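**Q** Below is the file upload10.cif, which contains mmCIF, C-alpha atoms, pLDDT in the B column; chains and numbers go by the auth columns.
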data_structure
loop_
_atom_site.group_PDB
_atom_site.id
_atom_site.type_symbol
_atom_site.label_atom_id
_atom_site.label_comp_id
_atom_site.label_asym_id
_atom_site.label_seq_id
_atom_site.Cartn_x
_atom_site.Cartn_y
_atom_site.Cartn_z
_atom_site.B_iso_or_equiv
_atom_site.auth_seq_id
_atom_site.auth_asym_id
ATOM 1 C CA GLY A 1 16.933 -4.562 -11.257 54.00 17 A
ATOM 2 C CA ALA A 2 20.327 -3.339 -12.459 66.00 18 A
ATOM 3 C CA LEU A 3 21.988 -3.497 -9.046 71.00 19 A
ATOM 4 C CA GLU A 4 23.768 -6.629 -7.988 85.00 20 A
ATOM 5 C CA LEU A 5 23.339 -6.815 -4.223 93.00 21 A
ATOM 6 C CA ARG A 6 25.961 -8.404 -2.005 95.00 22 A
ATOM 7 C CA LYS A 7 23.898 -8.752 1.118 95.00 23 A
ATOM 8 C CA ASP A 8 25.246 -9.529 4.532 95.00 24 A
ATOM 9 C CA TRP A 9 24.190 -8.693 8.093 95.00 25 A
ATOM 10 C CA ASN A 10 25.100 -5.086 8.885 96.00 26 A
ATOM 11 C CA ASP A 11 24.951 -2.807 11.899 96.00 27 A
ATOM 12 C CA LEU A 12 23.371 0.519 10.930 97.00 28 A
ATOM 13 C CA ARG A 13 25.180 2.183 13.860 97.00 29 A
ATOM 14 C CA GLU A 14 28.530 1.354 12.257 97.00 30 A
ATOM 15 C CA ILE A 15 27.463 2.480 8.792 97.00 31 A
ATOM 16 C CA ALA A 16 25.944 5.747 10.087 97.00 32 A
ATOM 17 C CA GLY A 17 29.089 6.428 12.111 97.00 33 A
ATOM 18 C CA ARG A 18 31.316 5.919 9.072 97.00 34 A
ATOM 19 C CA VAL A 19 29.176 8.207 6.915 97.00 35 A
ATOM 20 C CA ALA A 20 29.077 10.954 9.555 97.00 36 A
ATOM 21 C CA SER A 21 32.855 10.717 10.082 97.00 37 A
ATOM 22 C CA ALA A 22 33.459 10.913 6.334 97.00 38 A
ATOM 23 C CA ALA A 23 31.257 14.036 6.066 96.00 39 A
ATOM 24 C CA ARG A 24 33.220 15.679 8.882 95.00 40 A
ATOM 25 C CA ARG A 25 36.534 14.773 7.203 96.00 41 A
ATOM 26 C CA ARG A 26 35.278 16.360 3.977 93.00 42 A
ATOM 27 C CA GLY A 27 34.775 19.608 5.886 93.00 43 A
ATOM 28 C CA ALA A 28 31.123 19.601 6.981 94.00 44 A
ATOM 29 C CA LEU A 29 30.610 22.576 9.285 95.00 45 A
ATOM 30 C CA GLN A 30 27.268 21.298 10.535 96.00 46 A
ATOM 31 C CA ARG A 31 26.879 19.404 13.794 96.00 47 A
ATOM 32 C CA ILE A 32 26.206 15.799 12.765 97.00 48 A
ATOM 33 C CA ASP A 33 24.809 13.799 15.684 97.00 49 A
ATOM 34 C CA VAL A 34 24.378 10.041 15.361 97.00 50 A
ATOM 35 C CA SER A 35 22.180 8.533 18.066 97.00 51 A
ATOM 36 C CA LEU A 36 20.939 5.039 17.250 97.00 52 A
ATOM 37 C CA PRO A 37 19.581 2.607 19.830 96.00 53 A
ATOM 38 C CA SER A 38 22.008 -0.064 20.986 93.00 54 A
ATOM 39 C CA ASP A 39 19.386 -2.745 20.337 93.00 55 A
ATOM 40 C CA ILE A 40 18.774 -1.805 16.702 95.00 56 A
ATOM 41 C CA PRO A 41 18.489 -5.044 14.713 94.00 57 A
ATOM 42 C CA LEU A 42 21.000 -5.896 12.025 94.00 58 A
ATOM 43 C CA VAL A 43 19.831 -5.269 8.471 96.00 59 A
ATOM 44 C CA HIS A 44 20.352 -7.733 5.644 95.00 60 A
ATOM 45 C CA ALA A 45 21.780 -5.423 3.021 96.00 61 A
ATOM 46 C CA ASP A 46 24.685 -4.516 0.779 97.00 62 A
ATOM 47 C CA ALA A 47 26.797 -2.367 3.121 96.00 63 A
ATOM 48 C CA ILE A 48 28.534 -0.452 0.326 96.00 64 A
ATOM 49 C CA LEU A 49 25.251 0.527 -1.304 96.00 65 A
ATOM 50 C CA ILE A 50 23.578 1.431 1.994 97.00 66 A
ATOM 51 C CA GLU A 51 26.595 3.564 2.887 97.00 67 A
ATOM 52 C CA GLN A 52 26.240 5.283 -0.511 96.00 68 A
ATOM 53 C CA ALA A 53 22.530 5.986 0.061 96.00 69 A
ATOM 54 C CA MET A 54 23.223 7.385 3.532 97.00 70 A
ATOM 55 C CA SER A 55 26.144 9.421 2.236 96.00 71 A
ATOM 56 C CA ASN A 56 23.931 10.964 -0.443 94.00 72 A
ATOM 57 C CA ILE A 57 21.305 11.945 2.134 95.00 73 A
ATOM 58 C CA ILE A 58 23.744 13.331 4.705 96.00 74 A
ATOM 59 C CA GLY A 59 25.600 15.083 1.867 93.00 75 A
ATOM 60 C CA ASN A 60 22.355 16.771 0.844 90.00 76 A
ATOM 61 C CA ALA A 61 21.692 17.855 4.424 93.00 77 A
ATOM 62 C CA VAL A 62 25.195 19.340 4.651 93.00 78 A
ATOM 63 C CA ALA A 63 24.935 21.067 1.263 89.00 79 A
ATOM 64 C CA HIS A 64 21.506 22.593 1.945 89.00 80 A
ATOM 65 C CA THR A 65 22.017 23.859 5.495 93.00 81 A
ATOM 66 C CA SER A 66 24.185 26.633 6.832 93.00 82 A
ATOM 67 C CA PRO A 67 27.346 26.095 8.871 93.00 83 A
ATOM 68 C CA GLY A 68 26.431 25.312 12.463 92.00 84 A
ATOM 69 C CA ALA A 69 23.124 23.689 11.518 95.00 85 A
ATOM 70 C CA ARG A 70 22.247 20.386 13.163 96.00 86 A
ATOM 71 C CA VAL A 71 21.937 17.116 11.255 97.00 87 A
ATOM 72 C CA ALA A 72 20.561 14.329 13.431 97.00 88 A
ATOM 73 C CA VAL A 73 20.728 10.648 12.531 98.00 89 A
ATOM 74 C CA THR A 74 18.279 8.585 14.577 98.00 90 A
ATOM 75 C CA ALA A 75 16.315 5.365 14.188 97.00 91 A
ATOM 76 C CA GLU A 76 12.939 3.883 14.993 96.00 92 A
ATOM 77 C CA ILE A 77 12.338 0.157 15.226 96.00 93 A
ATOM 78 C CA GLY A 78 8.911 -0.933 14.076 94.00 94 A
ATOM 79 C CA GLU A 79 7.215 -4.299 14.018 93.00 95 A
ATOM 80 C CA PHE A 80 7.980 -4.902 10.337 95.00 96 A
ATOM 81 C CA ASP A 81 10.668 -2.380 9.467 96.00 97 A
ATOM 82 C CA ILE A 82 13.526 -0.237 10.702 97.00 98 A
ATOM 83 C CA HIS A 83 13.614 3.476 9.977 97.00 99 A
ATOM 84 C CA LEU A 84 16.935 5.278 9.758 97.00 100 A
ATOM 85 C CA ILE A 85 16.073 8.982 9.955 97.00 101 A
ATOM 86 C CA VAL A 86 18.197 11.976 8.923 97.00 102 A
ATOM 87 C CA THR A 87 16.706 15.273 10.102 97.00 103 A
ATOM 88 C CA ASP A 88 18.182 18.727 9.576 96.00 104 A
ATOM 89 C CA ASP A 89 17.116 22.120 10.869 94.00 105 A
ATOM 90 C CA GLY A 90 17.851 23.945 7.634 93.00 106 A
ATOM 91 C CA PRO A 91 15.422 25.925 5.494 92.00 107 A
ATOM 92 C CA GLY A 92 13.736 22.801 4.103 90.00 108 A
ATOM 93 C CA ILE A 93 12.602 21.890 0.614 89.00 109 A
ATOM 94 C CA GLY A 94 10.168 24.240 -1.087 86.00 110 A
ATOM 95 C CA PRO A 95 6.666 22.956 -1.864 86.00 111 A
ATOM 96 C CA ASP A 96 7.316 23.381 -5.590 85.00 112 A
ATOM 97 C CA LEU A 97 10.380 21.096 -5.456 84.00 113 A
ATOM 98 C CA LEU A 98 9.215 18.529 -2.893 80.00 114 A
ATOM 99 C CA PRO A 99 7.119 16.399 -5.313 79.00 115 A
ATOM 100 C CA ARG A 100 10.130 16.125 -7.664 75.00 116 A
ATOM 101 C CA VAL A 101 12.983 15.407 -5.206 79.00 117 A
ATOM 102 C CA PHE A 102 13.444 11.858 -6.517 75.00 118 A
ATOM 103 C CA ASP A 103 13.559 12.938 -10.171 75.00 119 A
ATOM 104 C CA LYS A 104 16.963 12.729 -11.811 73.00 120 A
ATOM 105 C CA PHE A 105 18.909 15.980 -12.169 58.00 121 A
ATOM 106 C CA VAL A 106 16.589 17.907 -9.824 59.00 122 A
ATOM 107 C CA SER A 107 18.476 19.971 -7.267 61.00 123 A
ATOM 108 C CA ALA A 108 17.812 23.057 -5.212 58.00 124 A
ATOM 109 C CA PRO A 109 20.457 25.750 -4.852 53.00 125 A
ATOM 110 C CA ALA A 110 22.847 24.616 -2.127 54.00 126 A
ATOM 111 C CA GLU A 111 24.452 26.609 0.686 49.00 127 A
ATOM 112 C CA ALA A 112 27.785 24.967 -0.101 45.00 128 A
ATOM 113 C CA ASP A 113 27.479 24.532 -3.854 47.00 129 A
ATOM 114 C CA ARG A 114 30.878 24.281 -5.462 46.00 130 A
ATOM 115 C CA GLY A 115 29.520 23.070 -8.774 45.00 131 A
ATOM 116 C CA GLU A 116 29.582 19.466 -7.554 50.00 132 A
ATOM 117 C CA ARG A 117 25.824 18.840 -7.328 51.00 133 A
ATOM 118 C CA THR A 118 24.280 16.594 -9.968 53.00 134 A
ATOM 119 C CA GLY A 119 20.724 16.237 -8.717 60.00 135 A
ATOM 120 C CA LEU A 120 21.102 12.451 -8.590 75.00 136 A
ATOM 121 C CA GLY A 121 21.646 11.837 -4.853 79.00 137 A
ATOM 122 C CA LEU A 122 18.067 11.154 -3.772 89.00 138 A
ATOM 123 C CA SER A 123 17.265 9.298 -6.988 88.00 139 A
ATOM 124 C CA ILE A 124 20.210 6.968 -6.384 90.00 140 A
ATOM 125 C CA ALA A 125 19.284 6.524 -2.696 93.00 141 A
ATOM 126 C CA LYS A 126 15.718 5.652 -3.700 94.00 142 A
ATOM 127 C CA GLY A 127 16.928 3.055 -6.215 92.00 143 A
ATOM 128 C CA ILE A 128 19.253 1.489 -3.645 94.00 144 A
ATOM 129 C CA MET A 129 16.550 1.277 -1.001 95.00 145 A
ATOM 130 C CA GLU A 130 13.966 -0.126 -3.423 94.00 146 A
ATOM 131 C CA ALA A 131 16.476 -2.785 -4.539 94.00 147 A
ATOM 132 C CA HIS A 132 16.629 -3.812 -0.864 95.00 148 A
ATOM 133 C CA GLY A 133 12.832 -3.995 -0.581 95.00 149 A
ATOM 134 C CA GLY A 134 12.751 -0.713 1.320 96.00 150 A
ATOM 135 C CA ALA A 135 11.920 2.899 0.581 96.00 151 A
ATOM 136 C CA VAL A 136 12.966 6.519 1.054 96.00 152 A
ATOM 137 C CA ILE A 137 10.484 9.035 2.464 95.00 153 A
ATOM 138 C CA VAL A 138 11.100 12.811 2.398 94.00 154 A
ATOM 139 C CA GLU A 139 9.164 15.235 4.603 94.00 155 A
ATOM 140 C CA SER A 140 9.761 18.974 4.590 92.00 156 A
ATOM 141 C CA PRO A 141 9.110 20.395 7.018 91.00 157 A
ATOM 142 C CA PRO A 142 8.996 17.363 9.306 91.00 158 A
ATOM 143 C CA PRO A 143 5.727 16.933 11.221 91.00 159 A
ATOM 144 C CA GLY A 144 5.539 19.308 14.160 90.00 160 A
ATOM 145 C CA LEU A 145 8.421 21.523 12.979 88.00 161 A
ATOM 146 C CA ALA A 146 8.341 24.881 11.206 91.00 162 A
ATOM 147 C CA LYS A 147 11.351 24.191 8.988 94.00 163 A
ATOM 148 C CA GLY A 148 13.916 21.568 8.080 95.00 164 A
ATOM 149 C CA THR A 149 13.844 18.259 6.256 94.00 165 A
ATOM 150 C CA ARG A 150 13.496 14.663 7.381 96.00 166 A
ATOM 151 C CA VAL A 151 14.608 11.808 5.128 96.00 167 A
ATOM 152 C CA THR A 152 13.733 8.308 6.262 97.00 168 A
ATOM 153 C CA LEU A 153 15.383 5.162 4.931 97.00 169 A
ATOM 154 C CA ARG A 154 12.982 2.309 5.572 97.00 170 A
ATOM 155 C CA PHE A 155 14.536 -1.158 5.793 97.00 171 A
ATOM 156 C CA PRO A 156 12.480 -4.337 5.936 95.00 172 A
ATOM 157 C CA LYS A 157 12.961 -6.076 9.267 93.00 173 A
ATOM 158 C CA VAL A 158 14.390 -9.548 8.632 88.00 174 A
ATOM 159 C CA GLU A 159 15.375 -11.968 11.366 83.00 175 A
ATOM 160 C CA PRO A 160 18.886 -13.422 11.067 76.00 176 A
ATOM 161 C CA PRO A 161 18.992 -17.175 10.703 73.00 177 A
ATOM 162 C CA ALA A 162 19.370 -19.020 14.004 70.00 178 A
#
As structure tokens, how would this structure be written, given the file I've shared?

**A**
Amino acid sequence: GALELRKDWNDLREIAGRVASAARRRGALQRIDVSLPSDIPLVHADAILIEQAMSNIIGNAVAHTSPGARVAVTAEIGEFDIHLIVTDDGPGIGPDLLPRVFDKFVSAPAEADRGERTGLGLSIAKGIMEAHGGAVIVESPPPGLAKGTRVTLRFPKVEPPA
């Protein structure tokens, strides 16, 4: 309830592209692929906060995977919601840490840790998504895979006014 949302209609393809480009400019050595459907509906959200949530998640993927790893940003459009999915092929989150990933100040050792990690990224992303009526889901390993992590940002599907 502490966030003041400035909602407008936003294209997740644009936001995901900006976040991926920013990660590359900051020196990410991973391959960051953004592949969202052209017909993905607009989301009614605060673009700055959604960009922050996505940046936190992609930043985690970059920090916890080795150079050359793949980070894929995809989406699924459901009947009632839109899922923006960030999947990496890194080592994944250990079973001891997975239940606590949204706790403040919880962080696993990072491949690219330069003393910049606070353990707040997923907690902040969760708060942002919940303020928008959505959620964050973390799976590690993702279903059907032996390793890696999948983080899903779930947005409520809202029709723009006619």

**Q** What's around Val152 in chain A at 7 Å? Count only C-alpha atoms, leave out sequence neighbours fewer than 5 positions away in its own chain, and write the answer as an NGL selection string.

**A** :A and (142 or 145 or 167-170)

**Q** Name every residue that the PyMOL selection byres ((chain A and resi 30) around 12) selects in this structure, writing the answer as an mmCIF file with C-alpha atoms, in the coordinates of the input with chains first and numbers rising.

**A**
data_model
loop_
_atom_site.group_PDB
_atom_site.id
_atom_site.type_symbol
_atom_site.label_atom_id
_atom_site.label_comp_id
_atom_site.auth_asym_id
_atom_site.auth_seq_id
_atom_site.Cartn_x
_atom_site.Cartn_y
_atom_site.Cartn_z
ATOM 1 C CA TRP A 25 24.190 -8.693 8.093
ATOM 2 C CA ASN A 26 25.100 -5.086 8.885
ATOM 3 C CA ASP A 27 24.951 -2.807 11.899
ATOM 4 C CA LEU A 28 23.371 0.519 10.930
ATOM 5 C CA ARG A 29 25.180 2.183 13.860
ATOM 6 C CA ILE A 31 27.463 2.480 8.792
ATOM 7 C CA ALA A 32 25.944 5.747 10.087
ATOM 8 C CA GLY A 33 29.089 6.428 12.111
ATOM 9 C CA ARG A 34 31.316 5.919 9.072
ATOM 10 C CA VAL A 35 29.176 8.207 6.915
ATOM 11 C CA ALA A 36 29.077 10.954 9.555
ATOM 12 C CA SER A 37 32.855 10.717 10.082
ATOM 13 C CA VAL A 50 24.378 10.041 15.361
ATOM 14 C CA SER A 51 22.180 8.533 18.066
ATOM 15 C CA LEU A 52 20.939 5.039 17.250
ATOM 16 C CA PRO A 53 19.581 2.607 19.830
ATOM 17 C CA SER A 54 22.008 -0.064 20.986
ATOM 18 C CA ILE A 56 18.774 -1.805 16.702
ATOM 19 C CA LEU A 58 21.000 -5.896 12.025
ATOM 20 C CA VAL A 59 19.831 -5.269 8.471
ATOM 21 C CA ALA A 63 26.797 -2.367 3.121
ATOM 22 C CA ILE A 66 23.578 1.431 1.994
ATOM 23 C CA GLU A 67 26.595 3.564 2.887
ATOM 24 C CA MET A 70 23.223 7.385 3.532
#

**Q** For each of A:Thr90, A:Thr165, A:Asn76, A:Gln46, take the minimum atom-to-atom distance to Asp104 in chain A, counting all atoms listed in the file, then give the residue where this is smallest.

**A**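 For Asp104 in chain A, the nearest of the candidates is A:Thr165.
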
**Q** Once 8 Å is added on each side, what centre and edge lengths in Å to one decimal does the axis-aligned box around all listed atoms of range 105-115 of chain A have, as lines of an AutoDock Vina configuration file?

**A**
center_x = 12.3
center_y = 21.2
center_z = 2.6
size_x = 27.2
size_y = 25.5
size_z = 32.5

**Q** Run through the PyMOL selection byres ((chain A and resi 103) around 12) on the given coordinates and return the selected residues as a PyMOL selection string.

**A** chain A and resi 47-51+73-74+76-78+80-81+85-91+100-102+104-108+153-159+161+163-169

**Q** Can you work out the spacing between CA of Ser82 in chain A and CA of Asp119 in chain A in Å, to one decimal?

**A** 24.3 Å

**Q** Which of these residues is nearest to Ile93 in chain A, using all atoms listed in the file: A:Pro57, A:Asp24, A:Pro177, A:Ala162?

**A**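 Ranked by minimum distance to Ile93 in chain A, first place goes to A:Pro57.
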
**Q** Show me, as a list of chain:residue names, the residues that have an atom within 7 Å of Ser139 in chain A when counting all atoms listed in the file, minus same-chain residues fewer than 2 positions from it.

**A**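 Here the answer would be A:Phe118, A:Asp119, A:Lys120, A:Leu136, A:Gly137, A:Ala141, A:Lys142, A:Gly143.
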
**Q** Find the residues near Asp62 in chain A: any atom within 6 Å, counting all atoms listed in the file, skip ones fewer than 3 places away on the same chain, and give them as a list in words.

**A** Leu21, Arg22, Lys23 and Leu65 of chain A

**Q** Enter the distance from CA of Lys173 in chain A to CA of Ile144 in chain A, in Å, rounded to one decimal.

**A**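 Between CA of Lys173 in chain A and CA of Ile144 in chain A the gap works out to 16.2 Å.
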